[in-house]
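Structure first, then comments.
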Amino acid sequence: MTKPNKGINTRLAHCGNNPHDFFGFVSPPVVHASTVLFPDAQTMRARKQKYVYGTHGTPTTDALTSAIDELEGSHGTILVPSGLAAVTVPLLAFLSSGDHVLIVDSVYHPTRRFADTMLKRLGIELTYYDPTIGGAITELLQPNTKVVFTESPGSNTFEVQDIPAITKAAKAAGAVVMMDNTWATALYFRPMDHGVDIVIHAATKYPSGHSDVLLGSVSASQSAWPKLLDAYTALGVCAAPDDVYQVLRGLRTMGVRLEHHRKSTLEIARWLETQPGVAQVLHPALESHPTHGLWKRDFGGSSGIFSMVLDGSGEAQADAFLNALEIFGLGYSWGGYESLAVPVFLGDRTVSKRDYGGVVIRLQIGLEDVEDLKADLSAGLAAAKNA
Ligand SMILES: Cc1ncc(COP(=O)(O)O)c(C=O)c1O
């Protein structure tokens, strides 16, 4: 374990595996495994050795889980095949028929789909709450509320939640708090320092960083760990070794990449605020964002996605904007080295509906040069104006 007083890039470079555990090679071996052999019948019966079967962990998965534990301050971490699985597995672990769950209304849409379909089918009651609810969440907590699900900032509109107030209220009611922390990563927000029990990451995004891997991680506090591990073992949704290795590889450079994303994104977001044709920019690190105060209080930085509203636009203007882009690709996901744009769907919101004054477009700012990206966006804005 790297000493906690070291700088974040030092820790990212050295966390996880100890090179001297494997002949001094700086990276861990990529172990492809189902079977693990036992030396004799007694050891096999007692399962008394570090590794027993591929689904339960290997030196490769251990390298990444211990790196994540070190960064998050968590007791244990599981790795699953996608960020979406990192959402669904802990919800299945902590909810049973007859329980109630509170889910933030600005949640990643597939999380909502899972809740509205599978959780409902399993007899779990659910309530969506406004992302700005803060401590008033107390009023929505029921005797059977077992989980409060948070995502901060929220998808597409980037509302920062008052996590300390929410964890305080949830703890008083005996509910577990889960947080999808993909946007900030452990570098810019450490949920467990604010009382969160379960931290979720789509490692597909910044940890991987290259738009070529799908992976999820779920980290638990000491008290939440046994339940999470039980469900993980029961479900068998383990991650593939090559993907795990790629994410550990990505983690080494995540600090440097994120700093570049942070700077370029802020510069572009601020510039967009001054551009005709842009009604508003939704980025929590901008003073104009309604939850900027919470971001400033709790977060150590900002990452590379935010949204902009094309003033008074409809589908024709949005299409013209998107079709005029040459560097920004039209595609889902984020956290990779390349810039992306996507029109946002907000029709699923139930308690935080708002008219944003035009089509909301989400931008992921990659590692390209800022001036090139601005020129691309200018061309898009000109096309939208003429549509
Ligand atoms: C906030 C958030 N959580 C989870 C996910 C799911 O990650 P994955 O694409 O790896 O399933 C995404 C994907 O876009 C996301 O934006």
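FYI, nothing fancy with the structure tokens labels: chains A, B, ... in order, residues from 1 per chain, ligands from 1 as they appear.
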Distance filter 8 Å around ligand 1, atoms: only C-alpha atoms and all ligand atoms, out as an mmCIF file with all heavy atoms, in the first residue's frame:
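Final output, out07.cif:
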```cif
data_model
loop_
_atom_site.group_PDB
_atom_site.id
_atom_site.type_symbol
_atom_site.label_atom_id
_atom_site.label_comp_id
_atom_site.auth_asym_id
_atom_site.auth_seq_id
_atom_site.Cartn_x
_atom_site.Cartn_y
_atom_site.Cartn_z
ATOM 1 N N PRO A 81 -18.682 -6.964 -14.985
ATOM 2 C CA PRO A 81 -18.389 -6.755 -16.409
ATOM 3 C C PRO A 81 -18.757 -5.402 -17.008
ATOM 4 O O PRO A 81 -18.367 -5.121 -18.134
ATOM 5 C CB PRO A 81 -19.193 -7.860 -17.101
ATOM 6 C CG PRO A 81 -19.569 -8.817 -16.037
ATOM 7 C CD PRO A 81 -19.636 -8.047 -14.770
ATOM 8 N N SER A 82 -19.522 -4.563 -16.318
ATOM 9 C CA SER A 82 -19.849 -3.243 -16.873
ATOM 10 C C SER A 82 -20.212 -2.297 -15.728
ATOM 11 O O SER A 82 -20.467 -2.734 -14.598
ATOM 12 C CB SER A 82 -21.053 -3.335 -17.834
ATOM 13 O OG SER A 82 -22.214 -3.650 -17.098
ATOM 14 N N GLY A 83 -20.258 -1.017 -16.057
ATOM 15 C CA GLY A 83 -20.695 -0.045 -15.064
ATOM 16 C C GLY A 83 -22.145 -0.289 -14.670
ATOM 17 O O GLY A 83 -22.530 -0.100 -13.518
ATOM 18 N N LEU A 84 -22.955 -0.719 -15.629
ATOM 19 C CA LEU A 84 -24.358 -0.986 -15.291
ATOM 20 C C LEU A 84 -24.463 -2.147 -14.300
ATOM 21 O O LEU A 84 -25.254 -2.092 -13.351
ATOM 22 C CB LEU A 84 -25.170 -1.267 -16.572
ATOM 23 C CG LEU A 84 -26.655 -1.528 -16.353
ATOM 24 C CD1 LEU A 84 -27.339 -0.388 -15.589
ATOM 25 C CD2 LEU A 84 -27.378 -1.766 -17.675
ATOM 26 N N ALA A 85 -23.636 -3.167 -14.476
ATOM 27 C CA ALA A 85 -23.638 -4.283 -13.514
ATOM 28 C C ALA A 85 -23.177 -3.800 -12.134
ATOM 29 O O ALA A 85 -23.601 -4.343 -11.110
ATOM 30 C CB ALA A 85 -22.745 -5.417 -14.013
ATOM 31 N N ALA A 86 -22.337 -2.767 -12.113
ATOM 32 C CA ALA A 86 -21.892 -2.219 -10.826
ATOM 33 C C ALA A 86 -23.033 -1.498 -10.108
ATOM 34 O O ALA A 86 -22.974 -1.261 -8.906
ATOM 35 C CB ALA A 86 -20.718 -1.273 -11.036
ATOM 36 N N VAL A 87 -24.083 -1.156 -10.856
ATOM 37 C CA VAL A 87 -25.285 -0.563 -10.259
ATOM 38 C C VAL A 87 -26.249 -1.674 -9.819
ATOM 39 O O VAL A 87 -26.788 -1.658 -8.710
ATOM 40 C CB VAL A 87 -25.992 0.357 -11.292
ATOM 41 C CG1 VAL A 87 -27.369 0.759 -10.814
ATOM 42 C CG2 VAL A 87 -25.134 1.579 -11.591
ATOM 43 N N VAL A 107 -30.923 10.150 -12.185
ATOM 44 C CA VAL A 107 -30.088 8.950 -12.288
ATOM 45 C C VAL A 107 -29.833 8.553 -13.745
ATOM 46 O O VAL A 107 -30.642 8.868 -14.635
ATOM 47 C CB VAL A 107 -30.788 7.797 -11.508
ATOM 48 C CG1 VAL A 107 -31.925 7.152 -12.296
ATOM 49 C CG2 VAL A 107 -29.790 6.743 -11.053
ATOM 50 N N TYR A 108 -28.706 7.915 -13.974
ATOM 51 C CA TYR A 108 -28.357 7.324 -15.275
ATOM 52 C C TYR A 108 -29.542 6.472 -15.763
ATOM 53 O O TYR A 108 -30.036 5.622 -15.015
ATOM 54 C CB TYR A 108 -27.107 6.477 -15.049
ATOM 55 C CG TYR A 108 -26.620 5.626 -16.174
ATOM 56 C CD1 TYR A 108 -26.319 6.166 -17.420
ATOM 57 C CD2 TYR A 108 -26.404 4.263 -15.978
ATOM 58 C CE1 TYR A 108 -25.839 5.355 -18.445
ATOM 59 C CE2 TYR A 108 -25.918 3.452 -16.996
ATOM 60 C CZ TYR A 108 -25.639 4.012 -18.226
ATOM 61 O OH TYR A 108 -25.163 3.214 -19.235
ATOM 62 N N PRO A 110 -30.298 3.837 -17.642
ATOM 63 C CA PRO A 110 -30.398 2.380 -17.453
ATOM 64 C C PRO A 110 -30.561 1.938 -15.991
ATOM 65 O O PRO A 110 -31.112 0.868 -15.727
ATOM 66 C CB PRO A 110 -29.091 1.864 -18.058
ATOM 67 C CG PRO A 110 -28.767 2.874 -19.123
ATOM 68 C CD PRO A 110 -29.137 4.190 -18.487
ATOM 69 N N THR A 111 -30.114 2.755 -15.042
ATOM 70 C CA THR A 111 -30.360 2.433 -13.625
ATOM 71 C C THR A 111 -31.866 2.522 -13.352
ATOM 72 O O THR A 111 -32.460 1.668 -12.688
ATOM 73 C CB THR A 111 -29.598 3.427 -12.705
ATOM 74 O OG1 THR A 111 -28.212 3.351 -13.014
ATOM 75 C CG2 THR A 111 -29.834 3.116 -11.246
ATOM 76 N N GLU A 151 -26.567 9.574 -7.163
ATOM 77 C CA GLU A 151 -25.606 9.724 -8.251
ATOM 78 C C GLU A 151 -25.304 11.215 -8.292
ATOM 79 O O GLU A 151 -26.209 12.027 -8.469
ATOM 80 C CB GLU A 151 -26.223 9.256 -9.579
ATOM 81 C CG GLU A 151 -25.249 9.381 -10.750
ATOM 82 C CD GLU A 151 -25.903 9.016 -12.090
ATOM 83 O OE1 GLU A 151 -26.694 8.053 -12.160
ATOM 84 O OE2 GLU A 151 -25.623 9.742 -13.062
ATOM 85 N N GLY A 154 -25.689 14.381 -11.050
ATOM 86 C CA GLY A 154 -26.623 13.521 -11.770
ATOM 87 C C GLY A 154 -26.311 13.482 -13.260
ATOM 88 O O GLY A 154 -25.627 14.358 -13.786
ATOM 89 N N SER A 155 -26.818 12.458 -13.922
ATOM 90 C CA SER A 155 -26.591 12.327 -15.360
ATOM 91 C C SER A 155 -27.233 13.491 -16.121
ATOM 92 O O SER A 155 -28.344 13.929 -15.794
ATOM 93 C CB SER A 155 -27.181 11.008 -15.861
ATOM 94 O OG SER A 155 -26.283 9.944 -15.609
ATOM 95 N N ASP A 180 -23.256 6.387 -7.145
ATOM 96 C CA ASP A 180 -22.574 6.257 -8.429
ATOM 97 C C ASP A 180 -21.651 7.472 -8.524
ATOM 98 O O ASP A 180 -22.104 8.603 -8.689
ATOM 99 C CB ASP A 180 -23.605 6.230 -9.572
ATOM 100 C CG ASP A 180 -22.954 5.977 -10.933
ATOM 101 O OD1 ASP A 180 -21.774 6.342 -11.105
ATOM 102 O OD2 ASP A 180 -23.650 5.438 -11.825
ATOM 103 N N ASN A 181 -20.353 7.201 -8.382
ATOM 104 C CA ASN A 181 -19.349 8.282 -8.291
ATOM 105 C C ASN A 181 -18.508 8.360 -9.568
ATOM 106 O O ASN A 181 -17.392 8.865 -9.553
ATOM 107 C CB ASN A 181 -18.444 7.995 -7.081
ATOM 108 C CG ASN A 181 -17.533 9.139 -6.701
ATOM 109 O OD1 ASN A 181 -17.919 10.308 -6.796
ATOM 110 N ND2 ASN A 181 -16.313 8.830 -6.280
ATOM 111 N N THR A 182 -19.065 7.876 -10.680
ATOM 112 C CA THR A 182 -18.282 7.768 -11.905
ATOM 113 C C THR A 182 -17.759 9.126 -12.386
ATOM 114 O O THR A 182 -16.632 9.234 -12.851
ATOM 115 C CB THR A 182 -19.140 7.102 -13.004
ATOM 116 O OG1 THR A 182 -19.602 5.833 -12.515
ATOM 117 C CG2 THR A 182 -18.356 6.873 -14.266
ATOM 118 N N TRP A 183 -18.566 10.160 -12.272
ATOM 119 C CA TRP A 183 -18.177 11.481 -12.798
ATOM 120 C C TRP A 183 -16.916 12.016 -12.124
ATOM 121 O O TRP A 183 -15.996 12.491 -12.782
ATOM 122 C CB TRP A 183 -19.332 12.477 -12.613
ATOM 123 C CG TRP A 183 -19.130 13.826 -13.235
ATOM 124 C CD1 TRP A 183 -19.411 14.201 -14.521
ATOM 125 C CD2 TRP A 183 -18.602 15.014 -12.600
ATOM 126 N NE1 TRP A 183 -19.095 15.525 -14.723
ATOM 127 C CE2 TRP A 183 -18.593 16.054 -13.557
ATOM 128 C CE3 TRP A 183 -18.144 15.294 -11.312
ATOM 129 C CZ2 TRP A 183 -18.165 17.345 -13.279
ATOM 130 C CZ3 TRP A 183 -17.698 16.582 -11.029
ATOM 131 C CH2 TRP A 183 -17.712 17.593 -12.005
ATOM 132 N N ILE A 200 -19.975 3.126 -6.340
ATOM 133 C CA ILE A 200 -20.097 2.483 -7.656
ATOM 134 C C ILE A 200 -19.308 3.276 -8.695
ATOM 135 O O ILE A 200 -19.384 4.509 -8.717
ATOM 136 C CB ILE A 200 -21.593 2.460 -8.040
ATOM 137 C CG1 ILE A 200 -22.326 1.460 -7.130
ATOM 138 C CG2 ILE A 200 -21.796 2.156 -9.527
ATOM 139 C CD1 ILE A 200 -23.808 1.705 -7.032
ATOM 140 N N HIS A 201 -18.578 2.542 -9.538
ATOM 141 C CA HIS A 201 -17.896 3.214 -10.651
ATOM 142 C C HIS A 201 -18.101 2.459 -11.949
ATOM 143 O O HIS A 201 -17.969 1.229 -11.967
ATOM 144 C CB HIS A 201 -16.382 3.290 -10.418
ATOM 145 C CG HIS A 201 -15.990 4.350 -9.451
ATOM 146 N ND1 HIS A 201 -15.983 5.677 -9.783
ATOM 147 C CD2 HIS A 201 -15.624 4.272 -8.157
ATOM 148 C CE1 HIS A 201 -15.619 6.379 -8.734
ATOM 149 N NE2 HIS A 201 -15.393 5.560 -7.726
ATOM 150 N N ALA A 202 -18.393 3.199 -13.015
ATOM 151 C CA ALA A 202 -18.237 2.628 -14.344
ATOM 152 C C ALA A 202 -16.762 2.848 -14.669
ATOM 153 O O ALA A 202 -16.371 3.940 -15.112
ATOM 154 C CB ALA A 202 -19.145 3.328 -15.342
ATOM 155 N N ALA A 203 -15.947 1.817 -14.434
ATOM 156 C CA ALA A 203 -14.502 1.923 -14.712
ATOM 157 C C ALA A 203 -14.256 2.012 -16.211
ATOM 158 O O ALA A 203 -13.169 2.348 -16.662
ATOM 159 C CB ALA A 203 -13.766 0.726 -14.117
ATOM 160 N N THR A 204 -15.311 1.743 -16.978
ATOM 161 C CA THR A 204 -15.351 1.971 -18.420
ATOM 162 C C THR A 204 -14.916 3.389 -18.787
ATOM 163 O O THR A 204 -14.377 3.609 -19.869
ATOM 164 C CB THR A 204 -16.826 1.796 -18.885
ATOM 165 O OG1 THR A 204 -17.297 0.534 -18.429
ATOM 166 C CG2 THR A 204 -16.997 1.931 -20.369
ATOM 167 N N LYS A 205 -15.167 4.343 -17.874
ATOM 168 C CA LYS A 205 -14.948 5.763 -18.214
ATOM 169 C C LYS A 205 -13.494 6.152 -17.923
ATOM 170 O O LYS A 205 -12.606 5.676 -18.595
ATOM 171 C CB LYS A 205 -15.957 6.647 -17.463
ATOM 172 C CG LYS A 205 -17.386 6.101 -17.431
ATOM 173 C CD LYS A 205 -18.029 5.913 -18.779
ATOM 174 C CE LYS A 205 -19.439 5.354 -18.623
ATOM 175 N NZ LYS A 205 -19.972 4.758 -19.836
ATOM 176 N N LEU A 214 -15.114 -2.383 -21.120
ATOM 177 C CA LEU A 214 -16.265 -2.232 -20.221
ATOM 178 C C LEU A 214 -15.912 -2.884 -18.888
ATOM 179 O O LEU A 214 -15.465 -4.037 -18.861
ATOM 180 C CB LEU A 214 -17.497 -2.934 -20.802
ATOM 181 C CG LEU A 214 -18.159 -2.275 -22.009
ATOM 182 C CD1 LEU A 214 -19.040 -3.256 -22.749
ATOM 183 C CD2 LEU A 214 -18.979 -1.059 -21.567
ATOM 184 N N LEU A 215 -16.088 -2.152 -17.804
ATOM 185 C CA LEU A 215 -15.830 -2.725 -16.479
ATOM 186 C C LEU A 215 -16.526 -1.885 -15.416
ATOM 187 O O LEU A 215 -16.686 -0.676 -15.591
ATOM 188 C CB LEU A 215 -14.326 -2.764 -16.178
ATOM 189 C CG LEU A 215 -13.946 -3.726 -15.041
ATOM 190 C CD1 LEU A 215 -13.796 -5.146 -15.566
ATOM 191 C CD2 LEU A 215 -12.653 -3.320 -14.345
ATOM 192 N N GLY A 216 -16.945 -2.537 -14.338
ATOM 193 C CA GLY A 216 -17.535 -1.814 -13.212
ATOM 194 C C GLY A 216 -16.861 -2.221 -11.923
ATOM 195 O O GLY A 216 -16.355 -3.347 -11.817
ATOM 196 N N TYR A 332 -22.265 7.256 -27.493
ATOM 197 C CA TYR A 332 -22.495 7.173 -26.050
ATOM 198 C C TYR A 332 -21.194 6.882 -25.325
ATOM 199 O O TYR A 332 -20.191 6.541 -25.931
ATOM 200 C CB TYR A 332 -23.555 6.116 -25.747
ATOM 201 C CG TYR A 332 -24.899 6.512 -26.311
ATOM 202 C CD1 TYR A 332 -25.383 5.926 -27.467
ATOM 203 C CD2 TYR A 332 -25.631 7.532 -25.718
ATOM 204 C CE1 TYR A 332 -26.595 6.324 -28.017
ATOM 205 C CE2 TYR A 332 -26.850 7.944 -26.259
ATOM 206 C CZ TYR A 332 -27.324 7.332 -27.403
ATOM 207 O OH TYR A 332 -28.516 7.737 -27.929
ATOM 208 N N SER A 333 -21.295 6.977 -24.030
ATOM 209 C CA SER A 333 -20.195 6.800 -23.082
ATOM 210 C C SER A 333 -19.337 8.062 -23.010
ATOM 211 O O SER A 333 -19.637 9.071 -23.680
ATOM 212 C CB SER A 333 -19.340 5.583 -23.407
ATOM 213 O OG SER A 333 -18.638 5.190 -22.232
ATOM 214 N N TRP A 334 -18.333 8.023 -22.181
ATOM 215 C CA TRP A 334 -17.470 9.184 -21.929
ATOM 216 C C TRP A 334 -16.262 8.705 -21.139
ATOM 217 O O TRP A 334 -16.160 7.531 -20.819
ATOM 218 C CB TRP A 334 -18.239 10.286 -21.187
ATOM 219 C CG TRP A 334 -19.108 9.830 -20.046
ATOM 220 C CD1 TRP A 334 -20.341 9.253 -20.147
ATOM 221 C CD2 TRP A 334 -18.821 9.890 -18.649
ATOM 222 N NE1 TRP A 334 -20.853 8.964 -18.905
ATOM 223 C CE2 TRP A 334 -19.930 9.348 -17.945
ATOM 224 C CE3 TRP A 334 -17.748 10.366 -17.897
ATOM 225 C CZ2 TRP A 334 -19.988 9.258 -16.566
ATOM 226 C CZ3 TRP A 334 -17.815 10.281 -16.514
ATOM 227 C CH2 TRP A 334 -18.931 9.735 -15.861
#
```
So that I can see what lies close to segment 48-62 of chain A, please list as a compact mmCIF listing (two decimals) with N, CA and C atoms, in the first residue's frame the residues with an atom at most 7 Å from it, counting only C-alpha atoms and leaving out residues fewer than 4 positions away in the same chain.
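Generated file (around.txt):
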```
# COMPACT_ATOMS: atom_id res chain seq x y z
N PRO A 28 1.22 -6.68 -12.74
CA PRO A 28 0.88 -8.04 -12.29
C PRO A 28 0.64 -8.96 -13.48
N PRO A 29 0.72 -10.26 -13.28
CA PRO A 29 0.40 -11.18 -14.38
C PRO A 29 -1.08 -11.12 -14.72
N VAL A 30 -1.42 -11.36 -15.99
CA VAL A 30 -2.84 -11.46 -16.37
C VAL A 30 -3.20 -12.94 -16.27
N VAL A 31 -3.88 -13.28 -15.18
CA VAL A 31 -4.18 -14.69 -14.90
C VAL A 31 -5.51 -15.06 -15.54
N ALA A 33 -8.10 -17.81 -15.68
CA ALA A 33 -8.30 -18.98 -14.82
C ALA A 33 -9.75 -19.33 -14.59
N SER A 34 -10.04 -20.62 -14.67
CA SER A 34 -11.20 -21.15 -13.97
C SER A 34 -10.63 -22.02 -12.85
N THR A 35 -9.97 -23.13 -13.22
CA THR A 35 -9.47 -24.07 -12.21
C THR A 35 -8.24 -23.54 -11.46
N VAL A 36 -8.26 -23.79 -10.17
CA VAL A 36 -7.08 -23.58 -9.34
C VAL A 36 -6.82 -24.91 -8.62
N THR A 43 -6.53 -29.81 2.09
CA THR A 43 -6.58 -28.36 1.75
C THR A 43 -7.81 -28.08 0.91
N MET A 44 -8.12 -29.04 0.01
CA MET A 44 -9.28 -28.84 -0.85
C MET A 44 -10.57 -28.80 -0.02
N SER A 66 -7.35 -3.99 -4.83
CA SER A 66 -6.64 -3.31 -3.73
C SER A 66 -6.26 -1.89 -4.12
N GLY A 236 -22.18 -14.71 -9.58
CA GLY A 236 -21.16 -15.14 -10.54
C GLY A 236 -20.85 -14.16 -11.65
N CYS A 238 -18.45 -12.18 -12.54
CA CYS A 238 -17.06 -11.72 -12.39
C CYS A 238 -16.57 -11.08 -13.69
N PRO A 241 -10.23 -11.21 -17.10
CA PRO A 241 -8.88 -10.78 -16.70
C PRO A 241 -8.25 -9.72 -17.60
N VAL A 244 -9.74 -6.37 -16.74
CA VAL A 244 -9.27 -5.91 -15.42
C VAL A 244 -7.86 -5.34 -15.57
N TYR A 245 -7.04 -6.05 -16.31
CA TYR A 245 -5.66 -5.59 -16.52
C TYR A 245 -5.63 -4.22 -17.22
```
Problem set entry | Best match for closeness to Val278 of chain A among A:Cys15, A:Leu235, A:Val247, A:Leu310, counting only C-alpha atoms | A:Leu310
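Nearest to Val237 of chain A of all the residues A:Leu79, A:Glu125, A:Ser378, A:Ile268 is A:Leu79, based on only C-alpha atoms.
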Exercise. Do you know which residues are at most 10 Å from Asp355 of chain A counting only C-alpha atoms, after dropping those on the same chain fewer than 3 positions away, and could you put them as a count of residues only?
Worked result: 3
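When only C-alpha atoms are used to compute distances to Val26 of chain A, the closest of the residues A:Ala13, A:Trp225, A:Trp271, A:Glu368 turns out to be A:Ala13.
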